[in-house]
Amino acid sequence: MGEQLKIACGVFGAISFAKHPIFPYIYWGLRAQNHRGHQSHGFLTYNEGKFYAHRSLDLVPKIKASAIQEWFGRLPGCIGIGNVRYTTSGKADEKSLLKDTQPVTASKNGLKLAVSFNGNVVNTIKLVKEIRKEFPKFTYECDANLICYKLLIELVNGKRLEDAVEACMHEIEGAFSVAGITKDGKFFAFKDPHGIRPLCAGQNEERKLYAFSSETVGLDINRIQRSFELEPGEFIAVSEKGFERKKLTNERKAFCAFEFAYFARPDSIFDSKYVYEVREEFGRNLVKENPDVVGNADIIISMPETGDDAAFGVHDESGLRWERATRRHRYVTERAFILLDKERQDTIDKKINVLASKVNGKRVIVIDDSIVRGDTTRVTIEKLRRMGAKKVYMFVTFPRIIGPCFYGIDMATYHQLIGAKHTPEEIAKLIGADAVCYQSIDGLVKATGFRRDELCLACVTGEYPTPLAQKIADEMKRKFLEGHEENRRFYEIPELAENV
């Protein structure tokens with residue numbers, strides 16, 4: 001998918017009871033998860049009661065050999081957390097991005113806390129008011145700060161860490177997977193009551209190194225064995241005895257289905273399946289669900305690289321040749337979503353190279369992970385037509401997106417979504433395809449290995465796992481269909497969040 005949807009963050013944290021410097025593990029854990037956040041990155045370590053942090057914009061950088069000792073000196077200690085981030089809350093100008101780079105810290109009355117966060121908070125307005133009673137100068141910048149300050153307030157009021165986390169689970173609505181460190185060196189992690197965003201735990205063979213990571217690839221790169229995925233509403237503290245697990249709430253699991261389709265790396269594992277295996281099954285489902293289209297096609301191609309795994313599934317099930325005729329220009333890195341319309345279209349066109357001789361005169365099935373706005377798909381189809389494609393059919397692994405996300409994907413208004421107001425037939429006309437074939441919701445669910453009631457499918461069903469999100473979505477859908485203009489993320493509109 002070339003539309004470059006943004007997910008909130010990638011989290012990594014680790015502790016070494018062998019007292020080895022932790023920075024290299026944090027560094028590589030984030031490098032493996034750069035796909036989860038391109039806008040900023042941060043490292044924070046703990047040593048003898050103090051936090052040491054480095055925060056910067058853009059991707060996690062390469063470190064020159066000559067600078068390694070400098071990094072060790074700047075970030076000492078054997079406990080650390082890190083974060084890669086995209087903005088799904090707060091401002092997106094350069095100054096704000098740097099200010100909001102995680103991990104974040106908060107302190108009061110001798111207590112201090114650092115957290116790395118992945119997710120999105122829905123009841124933002126309520127929490128800001130509560131925090132300002134204790135911190136009058138608090139300004140809302142990003143949701144990580146809300147989590148950090150709310151947790152600190154509970155600790156200042158005398159609660160144990162576990163009880164403070166439980167209060168957050170009951171009083172914060174949204175998605176939050178968190179790794180954190182306290183001033184006295186406690187290393188911990190927790191997930192929201194629905195477990196919407198991923199967070200796994202692992203340890204090395206010697207049981208001296210323990211870590212938390214948004215995806216298993218952050219563990220793999222550090223030779224850390226995956227132990228388990230955190231349960232919804234679970235709090236974990238880490239000691240030399242290992243992971244001390246405690247379930248604090250008992251809500252319905254609602255893991256984000258979009259992780260399988262787009263965000264996660266193909267070589268990550270959720271529960272017992274590699275993501276690429278699920279995506280291959282998506283492709284097989286599309287063939288089974290659309291036999292007439294398959295029977296009228298000559299070749300399949302994929303949108304690089306997000307459609308490749310599903311393309312193999314389509315090829316494997318249909319027997320059609322998967323023609324590797326689309327390639328991404330790896331170093332054309334401009335972000336199409338921040339450019340003007342004409343520049344955006346030109347950039348999209350430049351990002352993908354199509355081998356004209358392979359598609360000329362052919363009836364082509366194009367496999368992609370999703371269609372959100374439709375801009376990238378439209379430009380790509382126009383390019384295929386120019387190069388002589390006789391027919392262009394879109395096979396889309398993620399069902400038609402009809403509603404905004406409140407839980408960490410930056411598609412927060414209805415007007416962004418081509419599927420919110422158009423049928424698949426209408427979408428085909430708008431993007432210039434001969435047909436648009438979405439995978440069914442039932443097919444997606446079966447391929448993941450989850451039960452339907454264990455997944456968050458809100459963006460394709462309109463049924464949200466948390467109550468305020470449901471109320472806001474319903475109210476804004478009514479206004480959208482009446483023609484009201486949307487110009488802000490729904491959960492950041494005070495009058496809406498307070499009055500629904």
# chains A, B, ... in the order shown; residues from 1 in each chain; ligands from 1

call {"tool": "select_by_dssp", "arguments": {"residues": "range 99-251 of chain A", "states": "strand (DSSP E)", "output": "PyMOL selection string"}}
result
chain A and resi 104-108+111-121+174-182+187-191+200-203+209-213+225-229+234-239+242-247

call {"tool": "closest_atom_pairs", "arguments": {"of": "range 130-234 of chain A", "to": "range 396-409 of chain A", "cutoff": "12 Å", "atoms": "only C-alpha atoms", "output": "JSON lines"}}
result
{"residue": "A:Cys142", "atom": "CA", "partner": "A:Gly408", "partner_atom": "CA", "distance": 11.9}
{"residue": "A:Asp143", "atom": "CA", "partner": "A:Gly408", "partner_atom": "CA", "distance": 10.1}
{"residue": "A:Ala144", "atom": "CA", "partner": "A:Gly408", "partner_atom": "CA", "distance": 11.7}
{"residue": "A:Glu173", "atom": "CA", "partner": "A:Tyr407", "partner_atom": "CA", "distance": 9.4}
{"residue": "A:Gly174", "atom": "CA", "partner": "A:Tyr407", "partner_atom": "CA", "distance": 5.8}
{"residue": "A:Ala175", "atom": "CA", "partner": "A:Tyr407", "partner_atom": "CA", "distance": 5.1}
{"residue": "A:Phe176", "atom": "CA", "partner": "A:Tyr407", "partner_atom": "CA", "distance": 8.2}
{"residue": "A:Ser177", "atom": "CA", "partner": "A:Gly408", "partner_atom": "CA", "distance": 10.7}
{"residue": "A:Asp192", "atom": "CA", "partner": "A:Tyr407", "partner_atom": "CA", "distance": 10.7}
{"residue": "A:His194", "atom": "CA", "partner": "A:Tyr407", "partner_atom": "CA", "distance": 10.8}
{"residue": "A:Gly195", "atom": "CA", "partner": "A:Tyr407", "partner_atom": "CA", "distance": 10.6}
{"residue": "A:Ile196", "atom": "CA", "partner": "A:Tyr407", "partner_atom": "CA", "distance": 7.4}
{"residue": "A:Arg197", "atom": "CA", "partner": "A:Tyr407", "partner_atom": "CA", "distance": 8.1}
{"residue": "A:Pro198", "atom": "CA", "partner": "A:Gly408", "partner_atom": "CA", "distance": 11.3}

call {"tool": "closest_residue", "arguments": {"among": "A:Tyr149, A:Tyr210, A:Tyr393, A:Phe43", "to": "Ile427 in chain A", "atoms": "only C-alpha atoms"}}
result
A:Tyr393

call {"tool": "closest_residue", "arguments": {"among": "A:Ile301, A:Met476, A:Val128, A:Val11", "to": "Gln102 in chain A", "atoms": "only C-alpha atoms"}}
result
A:Val11

call {"tool": "atom_distance", "arguments": {"atom1": "CA of Gly37 in chain A", "atom2": "CA of Gly10 in chain A"}}
result
6.5 Å

call {"tool": "atom_distance", "arguments": {"atom1": "CA of Ala179 in chain A", "atom2": "CA of Gly13 in chain A"}}
result
6.3 Å

call {"tool": "residues_around", "arguments": {"residues": "Pro291 in chain A", "least_positions_apart": "6", "cutoff": "12 Å", "atoms": "only C-alpha atoms", "output": "PyMOL selection string"}}
result
chain A and resi 284-285+297+314+317-318+395+437

call {"tool": "write_last_selection", "arguments": {"atoms": "N, CA and C atoms", "output": "short mmCIF file (atom, residue, chain, number, x, y, z; two decimals), in the first residue's frame"}}
result
data_model
loop_
_atom_site.label_atom_id
_atom_site.label_comp_id
_atom_site.auth_asym_id
_atom_site.auth_seq_id
_atom_site.Cartn_x
_atom_site.Cartn_y
_atom_site.Cartn_z
N ARG A 284 -5.00 -16.75 -0.86
CA ARG A 284 -5.77 -17.95 -1.24
C ARG A 284 -7.27 -17.69 -1.09
N ASN A 285 -7.65 -16.98 -0.03
CA ASN A 285 -9.07 -16.66 0.17
C ASN A 285 -9.63 -15.84 -0.98
N ALA A 297 -8.35 -13.77 -15.95
CA ALA A 297 -7.07 -13.06 -15.81
C ALA A 297 -5.93 -13.85 -16.42
N VAL A 314 -2.20 -16.00 -3.85
CA VAL A 314 -3.05 -15.99 -5.04
C VAL A 314 -2.46 -16.91 -6.11
N GLU A 317 -2.82 -20.67 -5.11
CA GLU A 317 -4.18 -21.21 -5.19
C GLU A 317 -4.72 -21.23 -6.61
N SER A 318 -4.34 -20.25 -7.42
CA SER A 318 -4.94 -20.10 -8.76
C SER A 318 -4.12 -20.76 -9.86
N PHE A 395 -7.29 -6.96 -6.22
CA PHE A 395 -7.54 -7.90 -5.13
C PHE A 395 -6.99 -7.27 -3.85
N CYS A 437 -12.04 -6.26 -5.64
CA CYS A 437 -12.48 -7.44 -4.89
C CYS A 437 -11.80 -7.45 -3.53
#

call {"tool": "residues_around", "arguments": {"residues": "range 157-163 of chain A", "least_positions_apart": "5", "cutoff": "10 Å", "atoms": "only C-alpha atoms", "output": "JSON, numbers by chain"}}
result
{"A": [151, 152, 168, 169, 182, 186, 188, 190, 235, 236, 237, 246, 248]}

call {"tool": "residues_around", "arguments": {"residues": "range 258-275 of chain A", "least_positions_apart": "3", "cutoff": "7 Å", "atoms": "only C-alpha atoms", "output": "list in words"}}
result
Arg36, Glu215, Thr216, Val217, Glu229, Val278, Arg279, Thr306, Asp369, Thr397 and Phe398 of chain A

call {"tool": "write_last_selection", "arguments": {"atoms": "N, CA and C atoms", "output": "PDB file, in the first residue's frame"}}
result
ATOM      1  N   ARG A  36       7.576   0.741  12.094  1.00  0.00           N
ATOM      2  CA  ARG A  36       6.441   1.170  12.910  1.00  0.00           C
ATOM      3  C   ARG A  36       6.478   2.667  13.214  1.00  0.00           C
ATOM      4  N   GLU A 215       6.988  -6.111  18.398  1.00  0.00           N
ATOM      5  CA  GLU A 215       6.978  -7.265  17.505  1.00  0.00           C
ATOM      6  C   GLU A 215       8.131  -8.199  17.834  1.00  0.00           C
ATOM      7  N   THR A 216       7.963  -9.454  17.482  1.00  0.00           N
ATOM      8  CA  THR A 216       8.977 -10.456  17.796  1.00  0.00           C
ATOM      9  C   THR A 216      10.295 -10.198  17.074  1.00  0.00           C
ATOM     10  N   VAL A 217      10.269  -9.457  15.971  1.00  0.00           N
ATOM     11  CA  VAL A 217      11.529  -9.190  15.261  1.00  0.00           C
ATOM     12  C   VAL A 217      12.492  -8.381  16.126  1.00  0.00           C
ATOM     13  N   GLU A 229       3.046 -13.482  24.276  1.00  0.00           N
ATOM     14  CA  GLU A 229       2.402 -12.199  24.000  1.00  0.00           C
ATOM     15  C   GLU A 229       1.656 -11.788  25.261  1.00  0.00           C
ATOM     16  N   VAL A 278      -0.103 -15.772   7.356  1.00  0.00           N
ATOM     17  CA  VAL A 278      -1.478 -15.260   7.362  1.00  0.00           C
ATOM     18  C   VAL A 278      -1.762 -14.529   6.056  1.00  0.00           C
ATOM     19  N   ARG A 279      -0.814 -13.722   5.600  1.00  0.00           N
ATOM     20  CA  ARG A 279      -1.017 -12.958   4.369  1.00  0.00           C
ATOM     21  C   ARG A 279      -1.103 -13.875   3.154  1.00  0.00           C
ATOM     22  N   THR A 306       4.186  -4.642   0.080  1.00  0.00           N
ATOM     23  CA  THR A 306       3.145  -5.030   1.025  1.00  0.00           C
ATOM     24  C   THR A 306       2.170  -6.057   0.458  1.00  0.00           C
ATOM     25  N   ASP A 369      -2.627  -4.693  -0.046  1.00  0.00           N
ATOM     26  CA  ASP A 369      -3.088  -5.015   1.307  1.00  0.00           C
ATOM     27  C   ASP A 369      -4.360  -4.278   1.684  1.00  0.00           C
ATOM     28  N   THR A 397      -6.546  -7.424   0.288  1.00  0.00           N
ATOM     29  CA  THR A 397      -6.590  -8.403   1.374  1.00  0.00           C
ATOM     30  C   THR A 397      -7.387  -7.928   2.578  1.00  0.00           C
ATOM     31  N   PHE A 398      -7.395  -6.617   2.836  1.00  0.00           N
ATOM     32  CA  PHE A 398      -8.149  -6.111   3.989  1.00  0.00           C
ATOM     33  C   PHE A 398      -9.528  -5.668   3.528  1.00  0.00           C
TER      34      PHE A 398
END

call {"tool": "atom_distance", "arguments": {"atom1": "CA of Lys247 in chain A", "atom2": "CA of Asn204 in chain A"}}
result
23.9 Å

call {"tool": "residues_around", "arguments": {"residues": "His41 in chain A", "least_positions_apart": "3", "cutoff": "7 Å", "atoms": "only C-alpha atoms", "output": "list of chain:residue names"}}
result
A:Arg55, A:Ser56, A:Leu57, A:Asp58, A:Leu59, A:Val60, A:Asn83, A:Val84, A:Arg85, A:Thr101, A:Gln102

call {"tool": "residues_around", "arguments": {"residues": "Ser302 in chain A", "least_positions_apart": "6", "cutoff": "12 Å", "atoms": "only C-alpha atoms", "output": "short mmCIF file (atom, residue, chain, number, x, y, z; two decimals) with C-alpha atoms, in the first residue's frame"}}
result
data_model
loop_
_atom_site.label_atom_id
_atom_site.label_comp_id
_atom_site.auth_asym_id
_atom_site.auth_seq_id
_atom_site.Cartn_x
_atom_site.Cartn_y
_atom_site.Cartn_z
CA MET A 1 0.00 0.00 0.00
CA GLY A 2 1.57 3.28 -1.06
CA GLY A 283 -4.36 -14.43 -1.08
CA ASP A 308 3.97 -9.76 -2.08
CA ASP A 309 3.04 -12.37 0.51
CA ALA A 310 -0.64 -12.32 -0.49
CA ALA A 311 0.41 -12.49 -4.16
CA PHE A 312 2.17 -15.77 -3.48
CA GLY A 313 -1.07 -17.07 -1.97
CA VAL A 314 -3.05 -15.99 -5.04
CA HIS A 315 -0.48 -17.67 -7.30
CA ARG A 321 1.80 -16.69 -13.06
CA TRP A 322 2.98 -14.15 -10.50
CA GLU A 323 4.83 -11.73 -12.73
CA ARG A 324 7.32 -9.76 -10.66
CA ALA A 325 6.74 -6.73 -12.85
CA THR A 326 6.40 -4.07 -10.17
CA ARG A 327 9.38 -2.85 -8.17
CA ARG A 328 9.70 -0.11 -5.61
CA ILE A 352 6.88 2.22 -8.28
CA ASN A 353 8.47 1.00 -11.51
CA VAL A 354 6.27 -1.15 -13.78
CA VAL A 364 -3.92 -8.22 -14.75
CA ILE A 365 -4.88 -8.93 -11.14
CA VAL A 366 -3.14 -6.45 -8.82
CA ILE A 367 -2.80 -7.56 -5.18
CA ASP A 368 -2.64 -4.93 -2.46
CA ASP A 369 -3.09 -5.02 1.31
CA SER A 370 -5.72 -2.27 1.59
CA THR A 377 -4.18 2.80 -6.24
CA THR A 380 -0.86 2.88 -10.19
CA ILE A 381 -3.83 1.77 -12.28
CA VAL A 392 -6.99 -4.34 -14.27
CA TYR A 393 -8.62 -6.11 -11.32
CA MET A 394 -7.77 -5.13 -7.74
CA PHE A 395 -7.54 -7.90 -5.13
CA VAL A 396 -7.47 -6.31 -1.67
CA THR A 397 -6.59 -8.40 1.37
#
